[in-house]
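Remarks on the structure that follows.
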Amino acid sequence: MTNEPAAVTGATTSAVPIGVYVHFPYCLSKCPYCDFASRAEAVIPQERYTEAILRELKTQSARFAQGPKRRAVSVYFGGGTPSLWEPKLFARVLSEIRALFDVEAAAEITLEANPGTTDEGRFSAFRAAGANRLSIGVQSFDSHQLVALGRKHSSGDAVRAFQTARAAGFKNVTLDLIHGAEGHTTATAAKDARTAVELSPEHISAYALTLVGLAEEVPMAKAVRRGELVVPDDEVQEEMGHAVRAELLKGGYARYEISNYARPGFEAVHNSLYWRGLEYAAVGCGACGFVKERTDASVGKRWQNDRSPEKYMARVEETGSGEASSEQLSPEDHLKERLFTGLRLREGLDLAALERDLSLEVRARFETEIETLVKQGIAERSVSEASDILRLTERGLDLHSEAALRFF
Ligand code: SF4
């Protein structure tokens with residue numbers, strides 16, 4: 001069985017597959033490692049935020065109504081903690097998305113939830129409203145790790161959230177794990193993965209804690225720089241990654257992306273759209289969208305909404321859009337992104353299709369780099385009349401950044 005809509009595989013329809021992303025920024029508390037557009041709020045402005053989302057959806061649907069026929073194969077409610085959204089307001093938003101966009105009947109509709117923020121009544125209401133996939137932010141089942149990560153839930157809450165999801169009828173559940181906070185060991189990281197496997201969700205994401213790049217200014221990163229916190233070094237973190245992977249593979253999950261594992265047919269549709277360079281409408285504070293509007297100089301536009309909920313709501317109330325900044329992507333920019341994200345996937349990317357899509361030479365230009373990656377056992381290549389697939393090997397996925405940077 002597969003949960004991958006036909007529009008992604010191109011099996012039965014000529015409509016262009018897209019995703020719709022809705023961001024809900026509110027959380028019960030702010031985790032010290034979090035660099036998402038999220039904020040702890042004692043009183044969430046549920047009605048006002050929902051009205052802003054509904055208004056922005058109208059603007060976005062008009063943008064996506066131009067050009068080729070598109071079909072939404074995924075709707076993703078991320079955050080923040082969207083399971084804090086009042087279920088009746090969540091239902092209004094989802095029903096408006098169905099009214100404004102052509103949403104495939106079997107579309108993946110994901111809601112992110114945090115343990116401790118929900119009960120069976122709420123989960124059942126989200127399910128009844130149309131959510132068919134739950135993403136639960138477990139992070140760890142180890143009580144010391146949960147404290148180190150600043151999470152407010154307990155290990156018991158995480159297990160209960162999963163069981164509640166099942167009781168509410170969710171047949172597609174994904175659990176998020178993080179390894180590498182202070183005090184985490186390879187043994188406890190492996191135990192976290194084993195516990196996740198024992199619950200038997202359809203999908204597991206296992207990320208290493210990241211305190212660089214966008215996360216450089218989060219409180220945990222600053223505490224590490226001040227020497228108040230010590231996190232496992234890169235070598236230990238790598239060892240943890242190997243141990244986690246071994247447990248997940250032993251448990252029957254396939255690694256289909258660097259940090260993502262799934263039972264057959266349950267690979268995340270939504271994230272796969274990002275990794276394959278496809279379009280997504282995006283509403284809500286901090287949301288980032290991508291639409292292909294081909295001109296000679298550009299393949300499309302990427303935009304980002306205000307990260308502050310107040311500024312976002314005020315902007316939407318005034319203009320109908322939350323867009324705070326945008327950029328036109330040149331074919332060269334897009335090529336870099338497609339190489340970078342496409343190589344994250346175990347399926348790899350089709351260089352012949354990429355050339356057709358961007359009207360750029362790829363294979364001739366990068367012949368030496370591709371040959372070297374293959375010779376070094378970092379990548380493998382399958383060439384047929386119809387395609388030319390370059391994919392990273394299991395070892396190559398661990399060296400993804402290094403491999404992808406060879407093209408830049
Ligand atoms: S619950 Fe998630 S989104 Fe909210 S602060 Fe923590 S990590 Fe960030």
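Each chain of the structure tokens is named A, B, ... in the order shown, its residues numbered from 1; ligands are numbered from 1 in display order.
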**Message:** Set the distance at 6 Å and use only C-alpha atoms: which residues neighbour segment 238-251 of chain A once local chain neighbours fewer than 6 positions away are removed? I'd like the list as a ChimeraX atom specification.
**Reply:** /A:186,190,193-194,197
**Message:** Among segment 176-321 of chain A, which ones does DSSP assign to strand (DSSP E or B) (computed from the backbone)? Answer as a ChimeraX atom specification.
**Reply:** /A:176-179,203-208,254-257,260-262,279-283,288-291,300-305
Quick one: write out the picked residues with C-alpha atoms as a compact mmCIF listing (two decimals), in the first residue's frame?
# COMPACT_ATOMS: atom_id res chain seq x y z
CA ASP A 176 10.24 13.27 15.87
CA LEU A 177 13.43 12.42 17.74
CA ILE A 178 16.46 14.62 18.47
CA HIS A 179 19.85 13.38 19.56
CA HIS A 203 7.29 7.23 10.08
CA ILE A 204 10.15 8.47 12.27
CA SER A 205 12.28 11.61 11.84
CA ALA A 206 15.60 11.51 13.70
CA TYR A 207 17.56 14.75 13.72
CA ALA A 208 20.85 15.73 15.30
CA ALA A 254 13.74 2.48 5.40
CA ARG A 255 15.94 5.55 5.36
CA TYR A 256 14.47 7.48 2.41
CA GLU A 257 16.05 10.82 3.32
CA ASN A 260 13.75 10.45 7.74
CA TYR A 261 12.65 6.83 7.96
CA ALA A 262 9.38 5.23 6.93
CA GLU A 279 5.66 24.43 -5.40
CA TYR A 280 3.91 25.16 -2.14
CA ALA A 281 1.49 27.83 -1.03
CA ALA A 282 2.26 29.00 2.51
CA VAL A 283 0.24 31.03 4.97
CA CYS A 288 7.83 30.47 3.39
CA GLY A 289 6.27 29.68 0.00
CA PHE A 290 7.42 28.98 -3.55
CA VAL A 291 5.61 29.51 -6.82
CA GLY A 300 9.86 31.45 -9.75
CA LYS A 301 9.44 33.39 -6.60
CA ARG A 302 10.13 32.47 -2.99
CA TRP A 303 8.63 34.59 -0.26
CA GLN A 304 8.69 34.74 3.51
CA ASN A 305 6.03 36.09 5.83
**Request:** Quick one: everything within 12 Å of segment 223-226 of chain A, counting only C-alpha atoms, minus sequence neighbours fewer than 4 positions away in the same chain. Send it as a list of chain:residue names.
**Result:** A:Pro32, A:Tyr33, A:Ala181, A:Glu182, A:Thr210, A:Leu211, A:Val212, A:Glu216, A:Glu217, A:Val218, A:Pro219, A:Val230, A:Val231, A:Pro232, A:Asp233
Please write the residues from the selection above to a file, keeping C-alpha atoms, as an mmCIF file, in the first residue's frame.
data_model
loop_
_atom_site.group_PDB
_atom_site.id
_atom_site.type_symbol
_atom_site.label_atom_id
_atom_site.label_comp_id
_atom_site.auth_asym_id
_atom_site.auth_seq_id
_atom_site.Cartn_x
_atom_site.Cartn_y
_atom_site.Cartn_z
ATOM 1 C CA PRO A 32 15.832 26.790 24.269
ATOM 2 C CA TYR A 33 17.084 25.210 21.018
ATOM 3 C CA ALA A 181 21.703 17.555 23.706
ATOM 4 C CA GLU A 182 23.686 17.830 26.945
ATOM 5 C CA THR A 210 21.697 21.783 15.472
ATOM 6 C CA LEU A 211 23.039 24.939 17.088
ATOM 7 C CA VAL A 212 24.609 26.540 14.026
ATOM 8 C CA GLU A 216 23.211 30.307 16.384
ATOM 9 C CA GLU A 217 21.295 32.864 18.437
ATOM 10 C CA VAL A 218 18.980 30.506 20.340
ATOM 11 C CA PRO A 219 19.508 30.458 24.152
ATOM 12 C CA VAL A 230 28.480 21.095 27.056
ATOM 13 C CA VAL A 231 26.905 19.164 24.215
ATOM 14 C CA PRO A 232 28.396 16.018 22.630
ATOM 15 C CA ASP A 233 31.035 16.853 20.033
#
Show me which residues sit within 9 Å of ligand 1 when counting only C-alpha atoms and all ligand atoms, and put them as an mmCIF file with C-alpha atoms, in the first residue's frame.
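Result file is part06.cif:
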data_model
loop_
_atom_site.group_PDB
_atom_site.id
_atom_site.type_symbol
_atom_site.label_atom_id
_atom_site.label_comp_id
_atom_site.auth_asym_id
_atom_site.auth_seq_id
_atom_site.Cartn_x
_atom_site.Cartn_y
_atom_site.Cartn_z
ATOM 1 C CA PRO A 25 3.175 29.926 15.847
ATOM 2 C CA TYR A 26 1.963 29.465 19.406
ATOM 3 C CA CYS A 27 3.437 27.042 21.941
ATOM 4 C CA LEU A 28 2.992 26.367 25.650
ATOM 5 C CA SER A 29 6.630 27.353 26.236
ATOM 6 C CA LYS A 30 9.650 28.215 24.127
ATOM 7 C CA CYS A 31 12.273 25.460 23.899
ATOM 8 C CA PRO A 32 15.832 26.790 24.269
ATOM 9 C CA TYR A 33 17.084 25.210 21.018
ATOM 10 C CA CYS A 34 14.173 26.344 18.852
ATOM 11 C CA ASP A 35 14.738 28.719 15.938
ATOM 12 C CA PHE A 36 11.256 28.315 14.438
ATOM 13 C CA ALA A 37 8.768 31.173 14.210
ATOM 14 C CA SER A 38 7.174 30.158 17.505
ATOM 15 C CA ARG A 39 6.252 31.848 20.720
ATOM 16 C CA ALA A 40 4.865 30.975 24.142
ATOM 17 C CA GLY A 78 3.179 23.140 11.255
ATOM 18 C CA GLY A 79 4.376 25.361 14.032
ATOM 19 C CA GLY A 80 4.670 26.200 16.755
ATOM 20 C CA THR A 81 2.164 23.792 18.160
ATOM 21 C CA ALA A 113 1.224 17.989 17.901
ATOM 22 C CA ASN A 114 3.236 18.109 21.069
ATOM 23 C CA GLY A 137 7.209 16.059 18.723
ATOM 24 C CA LEU A 149 15.976 20.017 25.750
ATOM 25 C CA GLY A 150 13.725 22.241 27.852
ATOM 26 C CA ARG A 151 10.671 20.207 26.914
ATOM 27 C CA LYS A 152 7.703 20.426 29.231
#
**Item:** Polymer residues at most 8 Å from His270 of chain A, only C-alpha atoms, same-chain spacing of 4 or more positions, as a ChimeraX atom specification
**Value:** /A:19,73-76,108,274
Pull N, CA and C atoms from the residues just selected and write them as a tab-separated table (two decimals), in the first residue's frame.
chain	number	residue	atom	x	y	z
A	19	GLY	N	1.89	21.72	-2.56
A	19	GLY	CA	1.55	21.56	-1.15
A	19	GLY	C	0.94	22.87	-0.64
A	73	VAL	N	-1.55	18.00	-3.09
A	73	VAL	CA	-1.43	16.60	-2.67
A	73	VAL	C	-1.10	16.51	-1.19
A	74	SER	N	-0.86	17.69	-0.58
A	74	SER	CA	-0.55	17.70	0.85
A	74	SER	C	-0.97	19.03	1.45
A	75	VAL	N	-1.51	18.95	2.65
A	75	VAL	CA	-1.76	20.16	3.46
A	75	VAL	C	-1.06	19.90	4.78
A	76	TYR	N	-0.22	20.85	5.18
A	76	TYR	CA	0.60	20.62	6.38
A	76	TYR	C	0.40	21.75	7.38
A	108	GLU	N	-2.41	13.99	1.73
A	108	GLU	CA	-1.86	13.84	3.08
A	108	GLU	C	-2.17	15.13	3.84
A	274	TYR	N	9.16	19.62	-1.06
A	274	TYR	CA	10.30	20.55	-0.89
A	274	TYR	C	11.55	19.96	-1.52
**Residue contacts of segment 49-60 of chain A (8 Å, only C-alpha atoms) excluding same-chain residues fewer than 4 positions away, as an MDAnalysis selection string** = chainID A and resid 22 45 64 89 93 96:97 100 281:284 313 316:317 320:322
Write the residues you've just listed into a file as a PDB file, in the first residue's frame, and include C-alpha atoms for each of them.
ATOM      1  CA  VAL A  22      -0.204  26.619   7.300  1.00  0.00           C
ATOM      2  CA  PRO A  45      -5.515  35.091  19.838  1.00  0.00           C
ATOM      3  CA  PHE A  64      -1.840  29.635  -7.576  1.00  0.00           C
ATOM      4  CA  LEU A  89     -11.174  26.873  13.944  1.00  0.00           C
ATOM      5  CA  VAL A  93      -9.278  26.614   7.896  1.00  0.00           C
ATOM      6  CA  GLU A  96     -11.542  26.852   3.339  1.00  0.00           C
ATOM      7  CA  ILE A  97      -8.413  25.264   1.869  1.00  0.00           C
ATOM      8  CA  LEU A 100     -10.074  27.484  -2.500  1.00  0.00           C
ATOM      9  CA  ALA A 281       1.487  27.834  -1.027  1.00  0.00           C
ATOM     10  CA  ALA A 282       2.263  28.995   2.509  1.00  0.00           C
ATOM     11  CA  VAL A 283       0.236  31.030   4.968  1.00  0.00           C
ATOM     12  CA  GLY A 284       0.809  32.087   8.546  1.00  0.00           C
ATOM     13  CA  MET A 313      -1.679  39.689  11.573  1.00  0.00           C
ATOM     14  CA  VAL A 316      -2.637  40.646   6.562  1.00  0.00           C
ATOM     15  CA  GLU A 317      -5.400  42.823   7.994  1.00  0.00           C
ATOM     16  CA  GLY A 320      -4.400  40.575   2.615  1.00  0.00           C
ATOM     17  CA  SER A 321      -0.878  39.124   2.538  1.00  0.00           C
ATOM     18  CA  GLY A 322       1.740  38.338   5.203  1.00  0.00           C
TER      19      GLY A 322
END
Sorted by chain and rising residue number, which residues of segment 179-295 of chain A lie within 9 Å of segment 156-163 of chain A, and what are their closest atom pairs and distances in Å to one decimal, counting only C-alpha atoms, as CSV?
residue,atom,partner,partner_atom,distance
A:Ala196,CA,A:Val159,CA,9.0
A:Leu199,CA,A:Phe162,CA,7.8
A:Pro201,CA,A:Phe162,CA,8.3
Please save N, CA and C atoms of the selected residues as a PDB file, in the first residue's frame.
ATOM      1  N   ALA A 196      10.849   4.208  20.201  1.00  0.00           N
ATOM      2  CA  ALA A 196       9.995   4.693  19.100  1.00  0.00           C
ATOM      3  C   ALA A 196       9.566   3.517  18.222  1.00  0.00           C
ATOM      4  N   LEU A 199       6.778   1.397  19.561  1.00  0.00           N
ATOM      5  CA  LEU A 199       5.426   1.958  19.404  1.00  0.00           C
ATOM      6  C   LEU A 199       4.866   1.684  18.010  1.00  0.00           C
ATOM      7  N   PRO A 201       5.156   3.462  14.911  1.00  0.00           N
ATOM      8  CA  PRO A 201       4.540   4.478  14.050  1.00  0.00           C
ATOM      9  C   PRO A 201       4.886   4.177  12.592  1.00  0.00           C
TER      10      PRO A 201
END
**Request:** Just the helix (DSSP H, G or I) stuff from segment 76-231 of chain A, please, per backbone DSSP, written as JSON, numbers by chain.
**Result:** {"A": [82, 83, 84, 87, 88, 89, 90, 91, 92, 93, 94, 95, 96, 97, 98, 99, 100, 120, 121, 122, 123, 124, 125, 126, 127, 128, 129, 143, 144, 145, 146, 147, 148, 155, 156, 157, 158, 159, 160, 161, 162, 163, 164, 165, 166, 167, 186, 187, 188, 189, 190, 191, 192, 193, 194, 195, 196, 197, 198, 199, 213, 214, 215, 216, 217, 219, 220, 221, 222, 223, 224, 225]}
**Item:** Selection: 6 Å around Ala379 of chain A, only C-alpha atoms, excl. self and same-chain fewer than 2 positions, as a PyMOL selection string
**Value:** chain A and resi 373-374+377+391-393
Would you save the residues from that selection as a tab-separated table (two decimals), in the first residue's frame, using C-alpha atoms?
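Output saved as result-v6.tsv:
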chain	number	residue	atom	x	y	z
A	373	LEU	CA	31.56	11.03	-6.36
A	374	VAL	CA	30.79	7.68	-8.02
A	377	GLY	CA	31.54	5.35	-3.43
A	391	ARG	CA	21.80	9.20	-5.83
A	392	LEU	CA	23.97	9.22	-2.76
A	393	THR	CA	24.89	5.88	-1.24
